[in-house]
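Novice: I am attaching a structure below and will ask some questions about it afterwards.
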Amino acid sequence: MKILLLGHKGMLGSDLLSRLSEEHYVIGMDKEEIDIVSADECNNAIKDIAPDIVINAAAYTNVDACETAREECFAVNAEVVKNIAEACRNKKNRIIHFSTDYVFDGTAGEPYKEDDQCNPINVYGESKLVGERYLQSFSDNYLLIRTSWLYGINGKNFVQAILTKANAKNFIDDTMAKAKAKADNPSTLSVVDDQIGSPTYTKDLASAVALLIEKNARGIFHVTNRGSCSWHQFAVKILKEAGFDKIEVIPIKSNELKRPAMRPAYSILSMQKFIQTTGKTTQPWQLALQDYLKDSKLQN
Ligand SMILES: NC(=O)c1ccc[n+]([C@@H]2O[C@H](COP(=O)([O-])OP(=O)(O)OC[C@H]3O[C@@H](n4cnc5c(N)ncnc54)[C@H](OP(=O)(O)O)[C@@H]3O)[C@@H](O)[C@H]2O)c1
């Protein structure tokens, strides 16, 4: 199949490009080639390339910045989806689009199913939900994949942030005077323990997308790595796997961080529909993390 992949340089987009190119002819476009906010540019790209599938992996993903950059956030996460859906409807192309666990408010006591009530608690989540609604209204041939807590080789992510901090602290341990190091308490990291979700490696998500394409799946699907944890538990595991045994991870509450955007306390997504449709599941997040760490080493 011929696939037009928008946002192919992003964290998920770059893994989609390499995975889907194994079976399909994929044309990637990112900011250098297209401004997806322009309806004309989207229309022309879809008309000229005439793909079987348009995949939109482009998004405005800085959750805290969305709180103040509301207009840009809605332009990229919502209006763009409408433009693509309209352009595709005329040409009968299929659309694959991505959304987030942040469309939910986090008050559920069990994993969210695809048709559960959405109620975002931050601007990013609101914009992604409007994008979802546009897709559902303007396209009758779509695959909408909600995912969560992404990390991948080609993007800024939580795993990388924790390792960067850990490396900096290790450096301090080796070089600074002990008294100063003690005063600064350099061997601790503070991470929130009151948000629960499913960390997801973009490489595994890209394989799941390939499977959903193979199965000709349509509608909404939840796809994450298996299992769940808090950010605190995730950080502890990252440091253990990377050999930073001496760094203590202190559990803190979200309100201590004073971040601009609120996050849902619980955002586990049910994978039942994916499992029933494909007959397969994804690997547990702990194994996915090991793969990511191996893959990052190979890259460096
Ligand atoms: N990251 C997560 O934890 C997470 C969780 C759940 C769902 N998702 C969803 O998963 C999808 C992929 O996320 P991601 O983290 O891989 O995103 P990402 O790394 O931020 O990549 C998005 C890509 O879109 C490009 N882009 C942004 N605005 C554009 C524009 N106007 N024209 C053309 N390209 C533009 C970006 O370019 P620049 O980098 O130059 O801006 C970037 O290459 C998104 O739909 C996101 O909402 C992400």
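Naming scheme: A, B, ... for chains in displayed order of the structure tokens; residues 1 onward per chain; ligands 1 onward as shown.
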Sorted by chain and rising residue number, list the residues of chain A at most 6 Å from ligand 1 (counting only C-alpha atoms and all ligand atoms), each with its closest atom pair and distance in Å to one decimal, as JSON lines.
Specialist:
{"residue": "A:Gly7", "atom": "CA", "partner": "ligand 1", "partner_atom_place_in_ligand_line": "24 (O)", "distance": 4.1}
{"residue": "A:Lys9", "atom": "CA", "partner": "ligand 1", "partner_atom_place_in_ligand_line": "43 (O)", "distance": 4.4}
{"residue": "A:Gly10", "atom": "CA", "partner": "ligand 1", "partner_atom_place_in_ligand_line": "21 (O)", "distance": 3.3}
{"residue": "A:Met11", "atom": "CA", "partner": "ligand 1", "partner_atom_place_in_ligand_line": "16 (O)", "distance": 3.7}
{"residue": "A:Leu12", "atom": "CA", "partner": "ligand 1", "partner_atom_place_in_ligand_line": "16 (O)", "distance": 3.6}
{"residue": "A:Gly13", "atom": "CA", "partner": "ligand 1", "partner_atom_place_in_ligand_line": "16 (O)", "distance": 5.8}
{"residue": "A:Asp30", "atom": "CA", "partner": "ligand 1", "partner_atom_place_in_ligand_line": "34 (N)", "distance": 4.4}
{"residue": "A:Lys31", "atom": "CA", "partner": "ligand 1", "partner_atom_place_in_ligand_line": "33 (C)", "distance": 3.8}
{"residue": "A:Ile34", "atom": "CA", "partner": "ligand 1", "partner_atom_place_in_ligand_line": "33 (C)", "distance": 5.5}
{"residue": "A:Asp35", "atom": "CA", "partner": "ligand 1", "partner_atom_place_in_ligand_line": "32 (N)", "distance": 3.9}
{"residue": "A:Ile36", "atom": "CA", "partner": "ligand 1", "partner_atom_place_in_ligand_line": "32 (N)", "distance": 4.2}
{"residue": "A:Val37", "atom": "CA", "partner": "ligand 1", "partner_atom_place_in_ligand_line": "31 (N)", "distance": 5.1}
{"residue": "A:Ala57", "atom": "CA", "partner": "ligand 1", "partner_atom_place_in_ligand_line": "12 (C)", "distance": 4.8}
{"residue": "A:Ala58", "atom": "CA", "partner": "ligand 1", "partner_atom_place_in_ligand_line": "24 (O)", "distance": 3.2}
{"residue": "A:Ala59", "atom": "CA", "partner": "ligand 1", "partner_atom_place_in_ligand_line": "22 (C)", "distance": 4.7}
{"residue": "A:Tyr60", "atom": "CA", "partner": "ligand 1", "partner_atom_place_in_ligand_line": "27 (C)", "distance": 5.4}
{"residue": "A:Thr61", "atom": "CA", "partner": "ligand 1", "partner_atom_place_in_ligand_line": "20 (O)", "distance": 4.9}
{"residue": "A:Val76", "atom": "CA", "partner": "ligand 1", "partner_atom_place_in_ligand_line": "31 (N)", "distance": 5.9}
{"residue": "A:Phe98", "atom": "CA", "partner": "ligand 1", "partner_atom_place_in_ligand_line": "45 (O)", "distance": 4.3}
{"residue": "A:Ser99", "atom": "CA", "partner": "ligand 1", "partner_atom_place_in_ligand_line": "7 (C)", "distance": 5.0}
{"residue": "A:Thr100", "atom": "CA", "partner": "ligand 1", "partner_atom_place_in_ligand_line": "7 (C)", "distance": 3.9}
{"residue": "A:Thr147", "atom": "CA", "partner": "ligand 1", "partner_atom_place_in_ligand_line": "6 (C)", "distance": 4.7}
{"residue": "A:Ser148", "atom": "CA", "partner": "ligand 1", "partner_atom_place_in_ligand_line": "6 (C)", "distance": 3.9}
{"residue": "A:Trp149", "atom": "CA", "partner": "ligand 1", "partner_atom_place_in_ligand_line": "3 (O)", "distance": 4.0}
{"residue": "A:Leu150", "atom": "CA", "partner": "ligand 1", "partner_atom_place_in_ligand_line": "3 (O)", "distance": 3.7}
{"residue": "A:Gly155", "atom": "CA", "partner": "ligand 1", "partner_atom_place_in_ligand_line": "19 (O)", "distance": 5.3}
Novice: Go ahead and write the residues just picked, N, CA, C and O atoms, as a compact mmCIF listing (two decimals), in the first residue's frame.
Specialist:
# COMPACT_ATOMS: atom_id res chain seq x y z
N GLY A 7 4.30 13.84 9.96
CA GLY A 7 5.00 13.85 11.25
C GLY A 7 5.98 12.69 11.36
O GLY A 7 6.18 12.15 12.45
N LYS A 9 9.11 12.62 11.42
CA LYS A 9 10.35 12.85 12.19
C LYS A 9 10.09 12.86 13.69
O LYS A 9 11.01 12.99 14.48
N GLY A 10 8.86 12.76 14.10
CA GLY A 10 8.51 12.75 15.52
C GLY A 10 8.89 11.42 16.16
O GLY A 10 9.41 10.51 15.49
N MET A 11 8.63 11.32 17.45
CA MET A 11 9.03 10.13 18.21
C MET A 11 8.31 8.88 17.68
O MET A 11 8.94 7.88 17.34
N LEU A 12 7.00 8.95 17.59
CA LEU A 12 6.24 7.82 17.05
C LEU A 12 6.42 7.74 15.54
O LEU A 12 6.62 6.66 14.97
N GLY A 13 6.36 8.90 14.88
CA GLY A 13 6.45 8.94 13.42
C GLY A 13 7.69 8.24 12.89
O GLY A 13 7.63 7.49 11.91
N ASP A 30 7.19 16.04 7.12
CA ASP A 30 7.19 16.70 8.43
C ASP A 30 7.27 18.20 8.17
O ASP A 30 7.11 18.65 7.03
N LYS A 31 7.57 18.97 9.22
CA LYS A 31 7.52 20.44 9.11
C LYS A 31 8.29 21.00 7.93
O LYS A 31 7.89 21.98 7.33
N ILE A 34 5.94 20.16 4.83
CA ILE A 34 4.53 20.55 4.81
C ILE A 34 4.16 21.27 6.12
O ILE A 34 4.67 20.91 7.18
N ASP A 35 3.32 22.29 6.00
CA ASP A 35 2.71 22.85 7.21
C ASP A 35 1.30 22.30 7.26
O ASP A 35 0.41 22.76 6.53
N ILE A 36 1.10 21.32 8.10
CA ILE A 36 -0.20 20.63 8.08
C ILE A 36 -1.34 21.52 8.55
O ILE A 36 -2.50 21.19 8.35
N VAL A 37 -1.00 22.66 9.17
CA VAL A 37 -2.05 23.58 9.60
C VAL A 37 -2.74 24.23 8.37
O VAL A 37 -3.88 24.65 8.44
N ALA A 57 0.77 11.36 12.38
CA ALA A 57 1.52 11.22 13.65
C ALA A 57 2.00 12.58 14.13
O ALA A 57 2.74 12.67 15.10
N ALA A 58 1.61 13.63 13.42
CA ALA A 58 2.02 14.99 13.82
C ALA A 58 1.05 15.49 14.89
O ALA A 58 -0.13 15.19 14.87
N ALA A 59 1.59 16.26 15.82
CA ALA A 59 0.74 16.81 16.89
C ALA A 59 1.51 17.87 17.65
O ALA A 59 2.74 17.98 17.52
N TYR A 60 0.78 18.66 18.41
CA TYR A 60 1.40 19.59 19.36
C TYR A 60 1.37 18.86 20.71
O TYR A 60 0.30 18.70 21.31
N THR A 61 2.52 18.36 21.15
CA THR A 61 2.53 17.39 22.25
C THR A 61 3.08 17.93 23.58
O THR A 61 3.19 17.16 24.53
N VAL A 76 -3.21 22.59 15.59
CA VAL A 76 -2.49 21.37 15.17
C VAL A 76 -3.24 20.09 15.58
O VAL A 76 -3.34 19.14 14.81
N PHE A 98 -3.81 9.45 15.85
CA PHE A 98 -3.48 9.06 17.23
C PHE A 98 -4.06 10.03 18.26
O PHE A 98 -4.07 11.24 18.04
N SER A 99 -4.55 9.46 19.34
CA SER A 99 -5.01 10.29 20.44
C SER A 99 -4.44 9.75 21.75
O SER A 99 -3.52 8.93 21.73
N THR A 100 -4.98 10.21 22.84
CA THR A 100 -4.27 10.07 24.10
C THR A 100 -5.16 9.62 25.27
O THR A 100 -6.38 9.87 25.25
N THR A 147 -3.29 6.10 22.82
CA THR A 147 -2.15 5.48 23.48
C THR A 147 -1.71 6.33 24.66
O THR A 147 -2.34 7.37 24.94
N SER A 148 -0.66 5.90 25.37
CA SER A 148 -0.29 6.66 26.58
C SER A 148 1.20 6.59 26.87
O SER A 148 1.89 5.65 26.47
N TRP A 149 1.69 7.60 27.58
CA TRP A 149 3.03 7.64 28.18
C TRP A 149 4.11 7.14 27.19
O TRP A 149 4.88 6.24 27.50
N LEU A 150 4.15 7.75 26.02
CA LEU A 150 5.07 7.28 24.97
C LEU A 150 6.53 7.62 25.27
O LEU A 150 6.83 8.68 25.81
N GLY A 155 12.86 11.08 20.35
CA GLY A 155 12.05 12.14 20.95
C GLY A 155 12.39 12.34 22.41
O GLY A 155 12.93 11.44 23.06
Novice: Check region 59-235 of chain A with DSSP on the backbone and list each residue it calls strand (DSSP E), as an MDAnalysis selection string.
Specialist: chainID A and resid 94:100 142:147 150:151 188:192 196:197 200:201 219:222 229:230
Novice: Can you pull out every residue within 8 Å of Ser228 (chain A), counting only C-alpha atoms, but drop anything in the same chain fewer than 2 positions away, and send it as a ChimeraX atom specification?
Specialist: /A:196-199,226,230,268,285
Novice: Write out, as an mmCIF file, in the first residue's frame, the residues just selected, with all heavy atoms.
Specialist:
data_model
loop_
_atom_site.group_PDB
_atom_site.id
_atom_site.type_symbol
_atom_site.label_atom_id
_atom_site.label_comp_id
_atom_site.auth_asym_id
_atom_site.auth_seq_id
_atom_site.Cartn_x
_atom_site.Cartn_y
_atom_site.Cartn_z
ATOM 1 N N ILE A 196 -1.150 6.998 37.640
ATOM 2 C CA ILE A 196 -0.945 5.605 37.211
ATOM 3 C C ILE A 196 -1.278 5.495 35.736
ATOM 4 O O ILE A 196 -2.315 5.996 35.284
ATOM 5 C CB ILE A 196 -1.905 4.633 37.967
ATOM 6 C CG1 ILE A 196 -1.885 4.878 39.478
ATOM 7 C CG2 ILE A 196 -1.616 3.170 37.631
ATOM 8 C CD1 ILE A 196 -0.644 4.439 40.169
ATOM 9 N N GLY A 197 -0.407 4.838 34.982
ATOM 10 C CA GLY A 197 -0.666 4.666 33.547
ATOM 11 C C GLY A 197 0.166 3.534 32.975
ATOM 12 O O GLY A 197 0.784 2.758 33.719
ATOM 13 N N SER A 198 0.204 3.458 31.655
ATOM 14 C CA SER A 198 0.955 2.391 30.982
ATOM 15 C C SER A 198 2.011 2.993 30.070
ATOM 16 O O SER A 198 1.688 3.521 28.997
ATOM 17 C CB SER A 198 0.007 1.524 30.145
ATOM 18 O OG SER A 198 -1.004 0.991 30.954
ATOM 19 N N PRO A 199 3.287 2.910 30.474
ATOM 20 C CA PRO A 199 4.354 3.396 29.603
ATOM 21 C C PRO A 199 4.356 2.577 28.310
ATOM 22 O O PRO A 199 4.145 1.354 28.348
ATOM 23 C CB PRO A 199 5.629 3.111 30.406
ATOM 24 C CG PRO A 199 5.191 2.867 31.806
ATOM 25 C CD PRO A 199 3.798 2.339 31.725
ATOM 26 N N ARG A 226 1.759 -3.628 27.862
ATOM 27 C CA ARG A 226 0.900 -4.266 28.870
ATOM 28 C C ARG A 226 1.302 -3.873 30.293
ATOM 29 O O ARG A 226 2.481 -3.618 30.546
ATOM 30 C CB ARG A 226 0.995 -5.769 28.711
ATOM 31 C CG ARG A 226 -0.352 -6.381 28.406
ATOM 32 C CD ARG A 226 -0.229 -7.747 27.851
ATOM 33 N NE ARG A 226 0.406 -8.674 28.765
ATOM 34 C CZ ARG A 226 1.256 -9.613 28.383
ATOM 35 N NH1 ARG A 226 1.604 -9.732 27.124
ATOM 36 N NH2 ARG A 226 1.762 -10.450 29.248
ATOM 37 N N SER A 230 3.095 3.626 38.417
ATOM 38 C CA SER A 230 3.124 5.084 38.614
ATOM 39 C C SER A 230 4.412 5.603 37.964
ATOM 40 O O SER A 230 5.332 4.824 37.671
ATOM 41 C CB SER A 230 3.124 5.409 40.104
ATOM 42 O OG SER A 230 4.347 4.982 40.682
ATOM 43 N N ILE A 268 -5.209 4.135 32.719
ATOM 44 C CA ILE A 268 -4.921 2.845 32.076
ATOM 45 C C ILE A 268 -5.977 2.597 30.998
ATOM 46 O O ILE A 268 -7.166 2.798 31.224
ATOM 47 C CB ILE A 268 -4.919 1.709 33.121
ATOM 48 C CG1 ILE A 268 -3.834 2.002 34.171
ATOM 49 C CG2 ILE A 268 -4.680 0.359 32.460
ATOM 50 C CD1 ILE A 268 -3.924 1.139 35.400
ATOM 51 N N TRP A 285 5.326 -3.629 29.893
ATOM 52 C CA TRP A 285 6.126 -2.400 29.805
ATOM 53 C C TRP A 285 7.559 -2.618 30.291
ATOM 54 O O TRP A 285 8.494 -1.987 29.789
ATOM 55 C CB TRP A 285 5.439 -1.248 30.548
ATOM 56 C CG TRP A 285 5.322 -1.371 32.050
ATOM 57 C CD1 TRP A 285 4.251 -1.834 32.749
ATOM 58 C CD2 TRP A 285 6.305 -1.006 33.038
ATOM 59 N NE1 TRP A 285 4.500 -1.791 34.107
ATOM 60 C CE2 TRP A 285 5.749 -1.282 34.315
ATOM 61 C CE3 TRP A 285 7.589 -0.479 32.981
ATOM 62 C CZ2 TRP A 285 6.437 -1.043 35.511
ATOM 63 C CZ3 TRP A 285 8.279 -0.244 34.179
ATOM 64 C CH2 TRP A 285 7.711 -0.524 35.411
#
Novice: Could you give me, as a Markdown table, every region 26-76 of chain A residue with an atom at most 12 Å from region 134-141 of chain A, plus its closest atom pair and distance in Å to one decimal, counting only C-alpha atoms, rows ordered by chain then number?
Specialist:
| residue | atom | partner | partner_atom | distance |
| --- | --- | --- | --- | --- |
| A:Asp52 | CA | A:Asn141 | CA | 11.2 |
| A:Ile53 | CA | A:Asn141 | CA | 9.8 |
| A:Val54 | CA | A:Asn141 | CA | 10.8 |
| A:Asn56 | CA | A:Leu135 | CA | 11.3 |
| A:Phe74 | CA | A:Tyr134 | CA | 11.8 |
Novice: For each of A:Gln117, A:Ala168, A:Leu5, A:Ile252, take the minimum atom-to-atom distance to His97 (chain A), counting only C-alpha atoms, then give the residue where this is smallest.
Specialist: A:Leu5
Novice: Got a sec: who's within 12 Å of Lys165 (chain A), counting only C-alpha atoms, leaving out chain neighbours fewer than 3 positions off, as a PyMOL selection string?
Specialist: chain A and resi 158-162+168-172+186-191+235+238-239+244+247+249
Novice: Wanna dump the region 203-286 of chain A-region 83-95 of chain A contacts at 12 Å for me, each residue with its shortest atom pair and the distance in Å to one decimal, counting only C-alpha atoms, ordered by chain and number, as JSON lines?
Specialist:
{"residue": "A:Ile213", "atom": "CA", "partner": "A:Arg94", "partner_atom": "CA", "distance": 10.3}
{"residue": "A:Asn216", "atom": "CA", "partner": "A:Arg94", "partner_atom": "CA", "distance": 10.2}
{"residue": "A:Ala217", "atom": "CA", "partner": "A:Arg94", "partner_atom": "CA", "distance": 10.7}
{"residue": "A:Arg218", "atom": "CA", "partner": "A:Arg94", "partner_atom": "CA", "distance": 9.2}
{"residue": "A:Gly219", "atom": "CA", "partner": "A:Ile95", "partner_atom": "CA", "distance": 10.3}
{"residue": "A:Ile220", "atom": "CA", "partner": "A:Ile95", "partner_atom": "CA", "distance": 11.8}
Novice: Go ahead and save the picked residues with all heavy atoms, as a compact mmCIF listing (two decimals), in the first residue's frame.
Specialist:
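Full text of selection-v5.txt as output:
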# COMPACT_ATOMS: atom_id res chain seq x y z
N ILE A 213 -3.33 -2.47 10.60
CA ILE A 213 -3.47 -2.24 9.15
C ILE A 213 -3.72 -3.58 8.45
O ILE A 213 -4.60 -3.72 7.62
CB ILE A 213 -2.21 -1.54 8.58
CG1 ILE A 213 -2.10 -0.11 9.11
CG2 ILE A 213 -2.24 -1.54 7.04
CD1 ILE A 213 -0.83 0.64 8.71
N ASN A 216 -7.08 -4.73 8.73
CA ASN A 216 -8.05 -3.80 8.16
C ASN A 216 -8.98 -3.22 9.24
O ASN A 216 -10.19 -3.04 9.02
CB ASN A 216 -8.87 -4.53 7.09
CG ASN A 216 -9.32 -3.58 6.02
OD1 ASN A 216 -8.87 -2.43 5.97
ND2 ASN A 216 -10.25 -4.03 5.19
N ALA A 217 -8.41 -2.96 10.42
CA ALA A 217 -9.21 -2.49 11.55
C ALA A 217 -9.69 -1.06 11.34
O ALA A 217 -8.97 -0.24 10.78
CB ALA A 217 -8.39 -2.58 12.83
N ARG A 218 -10.90 -0.80 11.78
CA ARG A 218 -11.48 0.55 11.73
C ARG A 218 -12.10 0.91 13.06
O ARG A 218 -12.45 0.03 13.84
CB ARG A 218 -12.57 0.62 10.65
CG ARG A 218 -12.01 0.75 9.25
CD ARG A 218 -12.86 -0.03 8.27
NE ARG A 218 -12.04 -0.56 7.20
CZ ARG A 218 -11.98 -0.05 5.99
NH1 ARG A 218 -12.69 1.00 5.70
NH2 ARG A 218 -11.20 -0.58 5.07
N GLY A 219 -12.26 2.21 13.29
CA GLY A 219 -12.87 2.67 14.55
C GLY A 219 -11.80 3.02 15.57
O GLY A 219 -10.65 3.26 15.21
N ILE A 220 -12.20 3.01 16.84
CA ILE A 220 -11.26 3.42 17.91
C ILE A 220 -10.62 2.18 18.55
O ILE A 220 -11.30 1.19 18.82
CB ILE A 220 -11.98 4.21 19.02
CG1 ILE A 220 -12.80 5.37 18.44
CG2 ILE A 220 -11.00 4.73 20.05
CD1 ILE A 220 -13.54 6.20 19.49
